[in-house]
file my_file.cif (mmCIF, N, CA and C atoms)
data_structure
#
loop_
_atom_site.label_atom_id
_atom_site.label_comp_id
_atom_site.auth_asym_id
_atom_site.auth_seq_id
_atom_site.Cartn_x
_atom_site.Cartn_y
_atom_site.Cartn_z
N MET A 128 19.52 54.58 12.00
CA MET A 128 18.96 54.04 13.23
C MET A 128 19.12 52.54 13.27
N LYS A 129 19.27 52.10 14.46
CA LYS A 129 19.37 50.67 14.67
C LYS A 129 17.97 50.07 14.78
N PRO A 130 17.84 48.78 14.48
CA PRO A 130 16.52 48.16 14.56
C PRO A 130 15.89 48.25 15.95
N GLN A 131 16.69 48.20 16.96
CA GLN A 131 16.16 48.28 18.32
C GLN A 131 15.58 49.68 18.60
N GLU A 132 16.23 50.72 18.10
CA GLU A 132 15.72 52.08 18.28
C GLU A 132 14.41 52.27 17.52
N ILE A 133 14.31 51.66 16.33
CA ILE A 133 13.07 51.75 15.55
C ILE A 133 11.93 51.08 16.31
N GLU A 134 12.20 49.96 16.88
CA GLU A 134 11.17 49.26 17.64
C GLU A 134 10.72 50.07 18.85
N GLU A 135 11.64 50.72 19.52
CA GLU A 135 11.28 51.55 20.67
C GLU A 135 10.39 52.72 20.25
N CYS A 136 10.70 53.34 19.12
CA CYS A 136 9.87 54.44 18.62
C CYS A 136 8.46 53.95 18.28
N LEU A 137 8.39 52.79 17.67
CA LEU A 137 7.08 52.24 17.29
C LEU A 137 6.25 51.86 18.52
N GLU A 138 6.90 51.42 19.59
CA GLU A 138 6.19 51.06 20.82
C GLU A 138 5.57 52.31 21.47
N ARG A 139 6.20 53.46 21.32
CA ARG A 139 5.70 54.68 21.94
C ARG A 139 4.49 55.25 21.21
N LEU A 140 4.27 54.83 19.97
CA LEU A 140 3.15 55.35 19.19
C LEU A 140 1.84 54.74 19.66
N ASP A 141 0.77 55.54 19.67
CA ASP A 141 -0.58 55.05 20.00
C ASP A 141 -1.40 55.06 18.72
N PRO A 142 -2.22 54.02 18.50
CA PRO A 142 -3.05 54.03 17.30
C PRO A 142 -4.14 55.09 17.41
N ALA A 143 -4.51 55.63 16.27
CA ALA A 143 -5.55 56.67 16.23
C ALA A 143 -6.91 56.02 16.43
N ALA A 144 -7.81 56.74 17.04
CA ALA A 144 -9.18 56.23 17.25
C ALA A 144 -9.91 56.23 15.91
N PRO A 145 -10.84 55.29 15.69
CA PRO A 145 -11.57 55.25 14.43
C PRO A 145 -12.47 56.48 14.31
N SER A 146 -12.65 56.93 13.09
CA SER A 146 -13.47 58.12 12.87
C SER A 146 -14.94 57.79 13.05
N ALA A 147 -15.75 58.81 13.19
CA ALA A 147 -17.19 58.62 13.37
C ALA A 147 -17.81 58.02 12.12
N ALA A 148 -17.32 58.39 10.95
CA ALA A 148 -17.85 57.84 9.70
C ALA A 148 -17.59 56.34 9.62
N LEU A 149 -16.38 55.90 10.03
CA LEU A 149 -16.07 54.48 10.02
C LEU A 149 -16.97 53.72 10.99
N ARG A 150 -17.22 54.29 12.16
CA ARG A 150 -18.10 53.63 13.14
C ARG A 150 -19.51 53.48 12.56
N ARG A 151 -20.02 54.53 11.88
CA ARG A 151 -21.37 54.45 11.29
C ARG A 151 -21.43 53.38 10.20
N ARG A 152 -20.40 53.29 9.34
CA ARG A 152 -20.38 52.28 8.27
C ARG A 152 -20.37 50.87 8.84
N ILE A 153 -19.57 50.63 9.86
CA ILE A 153 -19.50 49.29 10.47
C ILE A 153 -20.84 48.94 11.11
N ALA A 154 -21.43 49.90 11.81
CA ALA A 154 -22.73 49.65 12.44
C ALA A 154 -23.79 49.36 11.38
N HIS A 155 -23.77 50.09 10.28
CA HIS A 155 -24.74 49.88 9.20
C HIS A 155 -24.58 48.49 8.58
N GLU A 156 -23.33 48.05 8.32
CA GLU A 156 -23.09 46.73 7.73
C GLU A 156 -23.50 45.62 8.68
N LEU A 157 -23.26 45.78 9.96
CA LEU A 157 -23.68 44.76 10.93
C LEU A 157 -25.20 44.64 10.98
N GLU A 158 -25.91 45.77 10.93
CA GLU A 158 -27.37 45.72 10.94
C GLU A 158 -27.91 45.07 9.67
N ALA A 159 -27.30 45.37 8.52
CA ALA A 159 -27.75 44.78 7.26
C ALA A 159 -27.52 43.27 7.26
N ARG A 160 -26.39 42.85 7.77
CA ARG A 160 -26.09 41.42 7.83
C ARG A 160 -27.05 40.72 8.79
N ALA A 161 -27.38 41.36 9.89
CA ALA A 161 -28.31 40.75 10.85
C ALA A 161 -29.69 40.59 10.22
N ARG A 162 -30.10 41.51 9.34
CA ARG A 162 -31.39 41.39 8.67
C ARG A 162 -31.37 40.28 7.62
N LEU A 163 -30.23 40.09 6.94
CA LEU A 163 -30.15 39.09 5.87
C LEU A 163 -30.04 37.67 6.41
N GLU A 164 -29.28 37.48 7.48
CA GLU A 164 -29.08 36.14 8.03
C GLU A 164 -30.14 35.83 9.07
N PRO A 165 -30.92 34.79 8.86
CA PRO A 165 -31.90 34.43 9.89
C PRO A 165 -31.18 33.83 11.10
N ALA A 166 -31.83 33.90 12.21
CA ALA A 166 -31.26 33.33 13.43
C ALA A 166 -31.15 31.82 13.28
N ARG A 167 -30.09 31.25 13.80
CA ARG A 167 -29.91 29.81 13.70
C ARG A 167 -30.95 29.10 14.55
N GLN A 168 -31.51 28.08 13.92
CA GLN A 168 -32.53 27.31 14.63
C GLN A 168 -31.89 26.08 15.25
N HIS A 169 -32.46 25.66 16.34
CA HIS A 169 -31.97 24.46 17.03
C HIS A 169 -32.52 23.24 16.30
N HIS A 170 -31.62 22.39 15.80
CA HIS A 170 -32.03 21.18 15.08
C HIS A 170 -32.10 20.02 16.05
N PRO A 171 -33.27 19.40 16.18
CA PRO A 171 -33.36 18.27 17.11
C PRO A 171 -32.61 17.03 16.61
N TRP A 172 -32.24 16.99 15.32
CA TRP A 172 -31.58 15.80 14.78
C TRP A 172 -30.07 15.98 14.66
N ARG A 173 -29.48 16.95 15.32
CA ARG A 173 -28.05 17.20 15.15
C ARG A 173 -27.18 16.09 15.74
N TRP A 174 -27.72 15.24 16.57
CA TRP A 174 -26.97 14.13 17.14
C TRP A 174 -26.91 12.94 16.17
N LEU A 175 -27.63 13.01 15.05
CA LEU A 175 -27.70 11.90 14.11
C LEU A 175 -26.36 11.65 13.41
N ALA A 176 -25.64 12.70 13.01
CA ALA A 176 -24.36 12.52 12.30
C ALA A 176 -23.31 11.83 13.19
N PRO A 177 -23.09 12.27 14.42
CA PRO A 177 -22.12 11.56 15.25
C PRO A 177 -22.54 10.11 15.52
N LEU A 178 -23.83 9.89 15.63
CA LEU A 178 -24.32 8.53 15.87
C LEU A 178 -24.03 7.65 14.64
N ALA A 179 -24.17 8.20 13.44
CA ALA A 179 -23.87 7.45 12.22
C ALA A 179 -22.39 7.08 12.15
N TRP A 180 -21.51 8.03 12.53
CA TRP A 180 -20.08 7.73 12.53
C TRP A 180 -19.76 6.64 13.56
N ALA A 181 -20.36 6.71 14.72
CA ALA A 181 -20.10 5.69 15.75
C ALA A 181 -20.60 4.33 15.28
N GLY A 182 -21.76 4.30 14.62
CA GLY A 182 -22.29 3.04 14.12
C GLY A 182 -21.42 2.43 13.04
N SER A 183 -20.89 3.26 12.13
CA SER A 183 -20.02 2.73 11.08
C SER A 183 -18.71 2.21 11.68
N GLY A 184 -18.18 2.87 12.69
CA GLY A 184 -16.97 2.37 13.36
C GLY A 184 -17.22 1.04 14.04
N ALA A 185 -18.39 0.90 14.68
CA ALA A 185 -18.71 -0.37 15.33
C ALA A 185 -18.87 -1.48 14.29
N ALA A 186 -19.45 -1.16 13.13
CA ALA A 186 -19.62 -2.17 12.09
C ALA A 186 -18.27 -2.63 11.55
N ILE A 187 -17.35 -1.70 11.36
CA ILE A 187 -16.01 -2.07 10.88
C ILE A 187 -15.30 -2.94 11.90
N ALA A 188 -15.41 -2.60 13.17
CA ALA A 188 -14.78 -3.41 14.22
C ALA A 188 -15.38 -4.81 14.25
N ALA A 189 -16.69 -4.92 14.10
CA ALA A 189 -17.33 -6.24 14.11
C ALA A 189 -16.87 -7.07 12.91
N LEU A 190 -16.76 -6.45 11.74
CA LEU A 190 -16.29 -7.19 10.56
C LEU A 190 -14.85 -7.65 10.74
N ALA A 191 -14.01 -6.82 11.36
CA ALA A 191 -12.62 -7.22 11.59
C ALA A 191 -12.55 -8.41 12.54
N ILE A 192 -13.37 -8.40 13.57
CA ILE A 192 -13.36 -9.52 14.53
C ILE A 192 -13.84 -10.79 13.84
N ILE A 193 -14.87 -10.68 13.01
CA ILE A 193 -15.38 -11.86 12.30
C ILE A 193 -14.33 -12.40 11.35
N ALA A 194 -13.66 -11.50 10.62
CA ALA A 194 -12.63 -11.94 9.66
C ALA A 194 -11.47 -12.62 10.37
N LEU A 195 -11.04 -12.09 11.51
CA LEU A 195 -9.94 -12.71 12.26
C LEU A 195 -10.36 -14.07 12.79
N GLY A 196 -11.60 -14.20 13.20
CA GLY A 196 -12.09 -15.49 13.69
C GLY A 196 -12.10 -16.53 12.59
N ARG A 197 -12.44 -16.13 11.37
CA ARG A 197 -12.46 -17.08 10.25
C ARG A 197 -11.06 -17.55 9.91
N THR A 198 -10.07 -16.66 9.94
CA THR A 198 -8.70 -17.11 9.61
C THR A 198 -8.19 -18.06 10.68
N ALA A 199 -8.58 -17.85 11.92
CA ALA A 199 -8.13 -18.77 12.97
C ALA A 199 -8.72 -20.15 12.76
N THR A 200 -9.99 -20.24 12.39
CA THR A 200 -10.60 -21.55 12.16
C THR A 200 -10.02 -22.21 10.92
N SER A 201 -9.68 -21.42 9.89
CA SER A 201 -9.09 -22.04 8.70
C SER A 201 -7.70 -22.57 9.02
N ARG A 202 -6.97 -21.91 9.92
CA ARG A 202 -5.66 -22.43 10.33
C ARG A 202 -5.83 -23.74 11.10
N ASP A 203 -6.85 -23.79 11.95
CA ASP A 203 -7.08 -25.01 12.72
C ASP A 203 -7.41 -26.16 11.78
N THR A 204 -8.23 -25.94 10.79
CA THR A 204 -8.57 -27.02 9.86
C THR A 204 -7.37 -27.40 9.02
N ALA A 205 -6.52 -26.40 8.69
CA ALA A 205 -5.31 -26.71 7.92
C ALA A 205 -4.35 -27.54 8.75
N ALA A 206 -4.29 -27.29 10.04
CA ALA A 206 -3.40 -28.06 10.90
C ALA A 206 -3.89 -29.48 11.05
N ASN A 207 -5.21 -29.70 11.03
CA ASN A 207 -5.76 -31.05 11.18
C ASN A 207 -5.79 -31.81 9.87
N ALA A 208 -5.59 -31.13 8.73
CA ALA A 208 -5.65 -31.78 7.44
C ALA A 208 -4.42 -32.65 7.24
N THR A 209 -4.57 -33.62 6.34
CA THR A 209 -3.44 -34.51 6.05
C THR A 209 -2.40 -33.75 5.25
N PRO A 210 -1.13 -33.95 5.54
CA PRO A 210 -0.09 -33.22 4.82
C PRO A 210 -0.05 -33.66 3.35
N GLN A 211 0.15 -32.69 2.48
CA GLN A 211 0.23 -32.98 1.05
C GLN A 211 1.69 -33.00 0.63
N PRO A 212 2.02 -33.82 -0.34
CA PRO A 212 3.42 -33.87 -0.79
C PRO A 212 3.78 -32.57 -1.50
N PRO A 213 5.04 -32.19 -1.44
CA PRO A 213 5.46 -30.96 -2.12
C PRO A 213 5.42 -31.13 -3.64
N THR A 214 5.21 -30.03 -4.34
CA THR A 214 5.22 -30.05 -5.80
C THR A 214 6.53 -29.48 -6.30
N HIS A 215 7.03 -30.06 -7.37
CA HIS A 215 8.29 -29.63 -7.98
C HIS A 215 8.00 -29.28 -9.43
N THR A 216 8.40 -28.09 -9.85
CA THR A 216 8.26 -27.68 -11.24
C THR A 216 9.56 -27.07 -11.72
N ARG A 217 9.82 -27.24 -13.02
CA ARG A 217 11.01 -26.66 -13.64
C ARG A 217 10.55 -25.87 -14.86
N GLU A 218 10.99 -24.64 -14.96
CA GLU A 218 10.58 -23.77 -16.05
C GLU A 218 11.83 -23.23 -16.73
N TRP A 219 11.91 -23.42 -18.05
CA TRP A 219 13.04 -22.90 -18.80
C TRP A 219 12.70 -21.50 -19.26
N ILE A 220 13.59 -20.55 -18.98
CA ILE A 220 13.33 -19.15 -19.28
C ILE A 220 13.99 -18.73 -20.59
N ALA A 221 15.22 -19.13 -20.81
CA ALA A 221 15.94 -18.69 -22.00
C ALA A 221 16.92 -19.75 -22.44
N ALA A 222 17.23 -19.72 -23.74
CA ALA A 222 18.25 -20.59 -24.31
C ALA A 222 19.19 -19.71 -25.11
N ASP A 223 20.48 -19.74 -24.77
CA ASP A 223 21.45 -18.95 -25.51
C ASP A 223 21.67 -19.55 -26.89
N SER A 224 22.24 -18.76 -27.78
CA SER A 224 22.50 -19.26 -29.13
C SER A 224 23.49 -20.42 -29.05
N PRO A 225 23.21 -21.47 -29.81
CA PRO A 225 24.09 -22.66 -29.73
C PRO A 225 25.45 -22.38 -30.35
N GLU A 226 26.43 -23.08 -29.85
CA GLU A 226 27.77 -22.97 -30.40
C GLU A 226 28.24 -24.37 -30.79
N ILE A 227 29.00 -24.46 -31.84
CA ILE A 227 29.50 -25.74 -32.32
C ILE A 227 30.86 -25.98 -31.68
N ALA A 228 31.04 -27.19 -31.15
CA ALA A 228 32.31 -27.56 -30.53
C ALA A 228 32.55 -29.04 -30.81
N PHE A 229 33.75 -29.49 -30.57
CA PHE A 229 34.08 -30.90 -30.74
C PHE A 229 34.17 -31.52 -29.36
N GLY A 230 33.45 -32.64 -29.18
CA GLY A 230 33.38 -33.31 -27.89
C GLY A 230 34.61 -34.16 -27.63
N SER A 231 34.54 -34.97 -26.60
CA SER A 231 35.68 -35.81 -26.19
C SER A 231 35.97 -36.89 -27.22
N ASP A 232 34.99 -37.29 -28.01
CA ASP A 232 35.20 -38.32 -29.04
C ASP A 232 35.51 -37.70 -30.40
N SER A 233 35.87 -36.42 -30.43
CA SER A 233 36.26 -35.66 -31.63
C SER A 233 35.14 -35.52 -32.65
N LEU A 234 33.91 -35.71 -32.25
CA LEU A 234 32.77 -35.51 -33.14
C LEU A 234 32.15 -34.15 -32.86
N PRO A 235 31.62 -33.48 -33.89
CA PRO A 235 31.03 -32.16 -33.67
C PRO A 235 29.71 -32.26 -32.89
N GLU A 236 29.51 -31.30 -32.05
CA GLU A 236 28.27 -31.26 -31.26
C GLU A 236 27.86 -29.80 -31.06
N ARG A 237 26.55 -29.59 -30.90
CA ARG A 237 26.00 -28.25 -30.67
C ARG A 237 25.76 -28.13 -29.16
N ARG A 238 26.35 -27.12 -28.56
CA ARG A 238 26.18 -26.90 -27.12
C ARG A 238 25.20 -25.74 -26.92
N VAL A 239 24.12 -26.03 -26.19
CA VAL A 239 23.08 -25.04 -25.93
C VAL A 239 23.03 -24.79 -24.43
N ARG A 240 23.11 -23.54 -24.03
CA ARG A 240 23.03 -23.18 -22.61
C ARG A 240 21.59 -22.80 -22.28
N LEU A 241 20.97 -23.54 -21.35
CA LEU A 241 19.59 -23.30 -20.93
C LEU A 241 19.58 -22.65 -19.56
N LYS A 242 18.72 -21.64 -19.41
CA LYS A 242 18.57 -20.97 -18.11
C LYS A 242 17.13 -21.11 -17.68
N GLY A 243 16.93 -21.44 -16.41
CA GLY A 243 15.57 -21.63 -15.93
C GLY A 243 15.46 -21.50 -14.43
N VAL A 244 14.29 -21.89 -13.92
CA VAL A 244 14.00 -21.79 -12.50
C VAL A 244 13.36 -23.11 -12.06
N GLU A 245 13.82 -23.63 -10.94
CA GLU A 245 13.21 -24.81 -10.35
C GLU A 245 12.46 -24.35 -9.10
N ARG A 246 11.19 -24.77 -9.00
CA ARG A 246 10.32 -24.28 -7.93
C ARG A 246 9.79 -25.46 -7.12
N HIS A 247 9.90 -25.34 -5.79
CA HIS A 247 9.37 -26.34 -4.86
C HIS A 247 8.32 -25.65 -3.99
N GLU A 248 7.11 -26.24 -3.90
CA GLU A 248 6.03 -25.67 -3.10
C GLU A 248 5.47 -26.73 -2.17
N TRP A 249 5.10 -26.30 -0.95
CA TRP A 249 4.43 -27.17 -0.02
C TRP A 249 3.64 -26.34 0.97
N ILE A 250 2.75 -26.98 1.70
CA ILE A 250 1.93 -26.30 2.71
C ILE A 250 2.40 -26.77 4.07
N ASP A 251 2.68 -25.81 4.93
CA ASP A 251 3.12 -26.13 6.29
C ASP A 251 1.92 -26.66 7.07
N PRO A 252 1.97 -27.91 7.58
CA PRO A 252 0.80 -28.46 8.26
C PRO A 252 0.48 -27.77 9.59
N LYS A 253 1.46 -27.13 10.22
CA LYS A 253 1.19 -26.48 11.51
C LYS A 253 0.44 -25.17 11.35
N THR A 254 0.88 -24.34 10.39
CA THR A 254 0.28 -23.01 10.25
C THR A 254 -0.64 -22.88 9.04
N GLY A 255 -0.55 -23.80 8.10
CA GLY A 255 -1.37 -23.71 6.90
C GLY A 255 -0.78 -22.73 5.88
N ALA A 256 0.43 -22.28 6.11
CA ALA A 256 1.06 -21.32 5.20
C ALA A 256 1.62 -22.04 3.98
N ARG A 257 1.48 -21.40 2.83
CA ARG A 257 2.04 -21.96 1.59
C ARG A 257 3.48 -21.49 1.48
N MET A 258 4.39 -22.44 1.38
CA MET A 258 5.81 -22.14 1.30
C MET A 258 6.28 -22.42 -0.13
N ALA A 259 7.18 -21.59 -0.64
CA ALA A 259 7.72 -21.76 -1.98
C ALA A 259 9.20 -21.39 -1.98
N VAL A 260 10.00 -22.21 -2.66
CA VAL A 260 11.42 -21.96 -2.79
C VAL A 260 11.74 -22.04 -4.28
N GLU A 261 12.39 -21.01 -4.80
CA GLU A 261 12.81 -21.00 -6.20
C GLU A 261 14.32 -20.96 -6.26
N SER A 262 14.89 -21.77 -7.16
CA SER A 262 16.33 -21.76 -7.33
C SER A 262 16.65 -21.65 -8.83
N PRO A 263 17.58 -20.80 -9.19
CA PRO A 263 17.93 -20.66 -10.61
C PRO A 263 18.69 -21.90 -11.10
N GLN A 264 18.49 -22.23 -12.35
CA GLN A 264 19.15 -23.38 -12.96
C GLN A 264 19.92 -22.90 -14.19
N ASP A 265 21.07 -23.46 -14.39
CA ASP A 265 21.88 -23.17 -15.57
C ASP A 265 22.43 -24.51 -16.05
N GLN A 266 22.09 -24.89 -17.29
CA GLN A 266 22.45 -26.22 -17.77
C GLN A 266 22.95 -26.11 -19.20
N VAL A 267 23.97 -26.92 -19.54
CA VAL A 267 24.50 -26.96 -20.89
C VAL A 267 24.18 -28.34 -21.45
N ILE A 268 23.53 -28.35 -22.64
CA ILE A 268 23.16 -29.62 -23.28
C ILE A 268 23.97 -29.74 -24.56
N ALA A 269 24.53 -30.93 -24.79
CA ALA A 269 25.30 -31.19 -25.99
C ALA A 269 24.44 -32.05 -26.92
N VAL A 270 24.21 -31.56 -28.16
CA VAL A 270 23.40 -32.27 -29.15
C VAL A 270 24.34 -32.65 -30.32
N PRO A 271 24.38 -33.93 -30.71
CA PRO A 271 25.25 -34.31 -31.82
C PRO A 271 24.84 -33.61 -33.13
N VAL A 272 25.82 -33.26 -33.94
CA VAL A 272 25.56 -32.54 -35.18
C VAL A 272 26.21 -33.31 -36.33
N SER A 273 25.51 -33.34 -37.46
CA SER A 273 26.12 -33.94 -38.66
C SER A 273 26.15 -32.88 -39.76
N PHE A 274 27.31 -32.76 -40.46
CA PHE A 274 27.45 -31.79 -41.53
C PHE A 274 27.36 -32.55 -42.85
N GLN A 275 26.22 -32.57 -43.45
CA GLN A 275 26.07 -33.30 -44.72
C GLN A 275 25.45 -32.43 -45.76
#
call {"tool": "encode", "arguments": {"input": "my_file.cif", "output": "structure tokens"}}
result
Amino acid sequence: MKPQEIEECLERLDPAAPSAALRRRIAHELEARARLEPARQHHPWRWLAPLAWAGSGAAIAALAIIALGRTATSRDTAANATPQPPTHTREWIAADSPEIAFGSDSLPERRVRLKGVERHEWIDPKTGARMAVESPQDQVIAVPVSFQ
């Protein structure tokens, strides 16, 4: 048989009516459950939970507005403040193993390769934002060496 023929046969079938014993069992269980479960009482305070949620949402909104107002005033004071000079720092991160070489004057020297970062920081007087620029540094230092 094809699936369509099977479906047609199943559509023609009627479900059997429940037996009298099944009806009595269901009625008995419903009566027993009705005796065990008390009727629901009307709670006069049921509006308290939604009111608490609404109050907490209003409190969060008020705190957000207050926080945004404070950042705006801090920006205004930063804009009116005197500009500060930028700071410059240099940090050496690593030094490669030195190598011995002869310089332009034919004397031995130790060449050390230093790797680091140079950092410039300043505060933008218009917005009060802290700006930072980092640039990598690579430097070779020649140190005179004596073999004695």
call {"tool": "resolve_selection", "arguments": {"input": "my_file.cif", "expression": "the PyMOL selection byres ((chain A and resi 211) around 8)", "output": "number ranges by chain"}}
result
A: 208-210, 212-214, 248-252
call {"tool": "residues_near_point", "arguments": {"input": "my_file.cif", "point": "(9.8, -22.2, 1.9)", "cutoff": "8 Å", "atoms": "only N, CA and C atoms", "output": "count of residues only"}}
result
8
call {"tool": "resolve_selection", "arguments": {"input": "my_file.cif", "expression": "the PyMOL selection byres ((chain A and resi 271) around 6.5)", "output": "compact mmCIF listing (two decimals) with N, CA and C atoms, in the frame of the given file"}}
result
# COMPACT_ATOMS: atom_id res chain seq x y z
N PRO A 235 31.62 -33.48 -33.89
CA PRO A 235 31.03 -32.16 -33.67
C PRO A 235 29.71 -32.26 -32.89
N GLU A 236 29.51 -31.30 -32.05
CA GLU A 236 28.27 -31.26 -31.26
C GLU A 236 27.86 -29.80 -31.06
N ARG A 237 26.55 -29.59 -30.90
CA ARG A 237 26.00 -28.25 -30.67
C ARG A 237 25.76 -28.13 -29.16
N ALA A 269 24.53 -30.93 -24.79
CA ALA A 269 25.30 -31.19 -25.99
C ALA A 269 24.44 -32.05 -26.92
N VAL A 270 24.21 -31.56 -28.16
CA VAL A 270 23.40 -32.27 -29.15
C VAL A 270 24.34 -32.65 -30.32
N VAL A 272 25.82 -33.26 -33.94
CA VAL A 272 25.56 -32.54 -35.18
C VAL A 272 26.21 -33.31 -36.33
N SER A 273 25.51 -33.34 -37.46
CA SER A 273 26.12 -33.94 -38.66
C SER A 273 26.15 -32.88 -39.76
call {"tool": "closest_residue", "arguments": {"input": "my_file.cif", "among": "A:Phe274, A:Trp172, A:Trp219, A:Phe229", "to": "A:Arg246", "atoms": "only C-alpha atoms"}}
result
A:Trp219
call {"tool": "select_by_dssp", "arguments": {"input": "my_file.cif", "residues": "stretch 128-261 of chain A", "states": "strand (DSSP E or B)", "output": "number ranges by chain"}}
result
A: 214-222, 226-229, 235-250, 257-261
call {"tool": "atom_distance", "arguments": {"input": "my_file.cif", "atom1": "atom CA of A:Gly243", "atom2": "atom CA of A:Ser231"}}
result
26.7 Å
call {"tool": "residues_around", "arguments": {"input": "my_file.cif", "residues": "A:Val267", "least_positions_apart": "3", "cutoff": "6.5 Å", "atoms": "all atoms listed in the file", "output": "CSV table (one decimal) with N, CA and C atoms, in the coordinates of the input"}}
result
chain,number,residue,atom,x,y,z
A,238,ARG,N,26.4,-27.1,-28.6
A,238,ARG,CA,26.2,-26.9,-27.1
A,238,ARG,C,25.2,-25.7,-26.9
A,239,VAL,N,24.1,-26.0,-26.2
A,239,VAL,CA,23.1,-25.0,-25.9
A,239,VAL,C,23.0,-24.8,-24.4
A,240,ARG,N,23.1,-23.5,-24.0
A,240,ARG,CA,23.0,-23.2,-22.6
A,240,ARG,C,21.6,-22.8,-22.3
A,241,LEU,N,21.0,-23.5,-21.4
A,241,LEU,CA,19.6,-23.3,-20.9
A,241,LEU,C,19.6,-22.6,-19.6
call {"tool": "atom_distance", "arguments": {"input": "my_file.cif", "atom1": "atom CA of A:Pro225", "atom2": "atom C of A:Gln266"}}
result
11.1 Å
call {"tool": "atom_distance", "arguments": {"input": "my_file.cif", "atom1": "atom CA of A:Pro263", "atom2": "atom CA of A:Glu245"}}
result
6.3 Å
call {"tool": "select_by_dssp", "arguments": {"input": "my_file.cif", "residues": "stretch 142-268 of chain A", "states": "alpha helix (DSSP H)", "output": "number ranges by chain"}}
result
A: 147-163, 175-207
call {"tool": "closest_residue", "arguments": {"input": "my_file.cif", "among": "A:Gly196, A:Leu137, A:Gln264, A:Leu190", "to": "A:Thr216", "atoms": "only C-alpha atoms"}}
result
A:Gln264
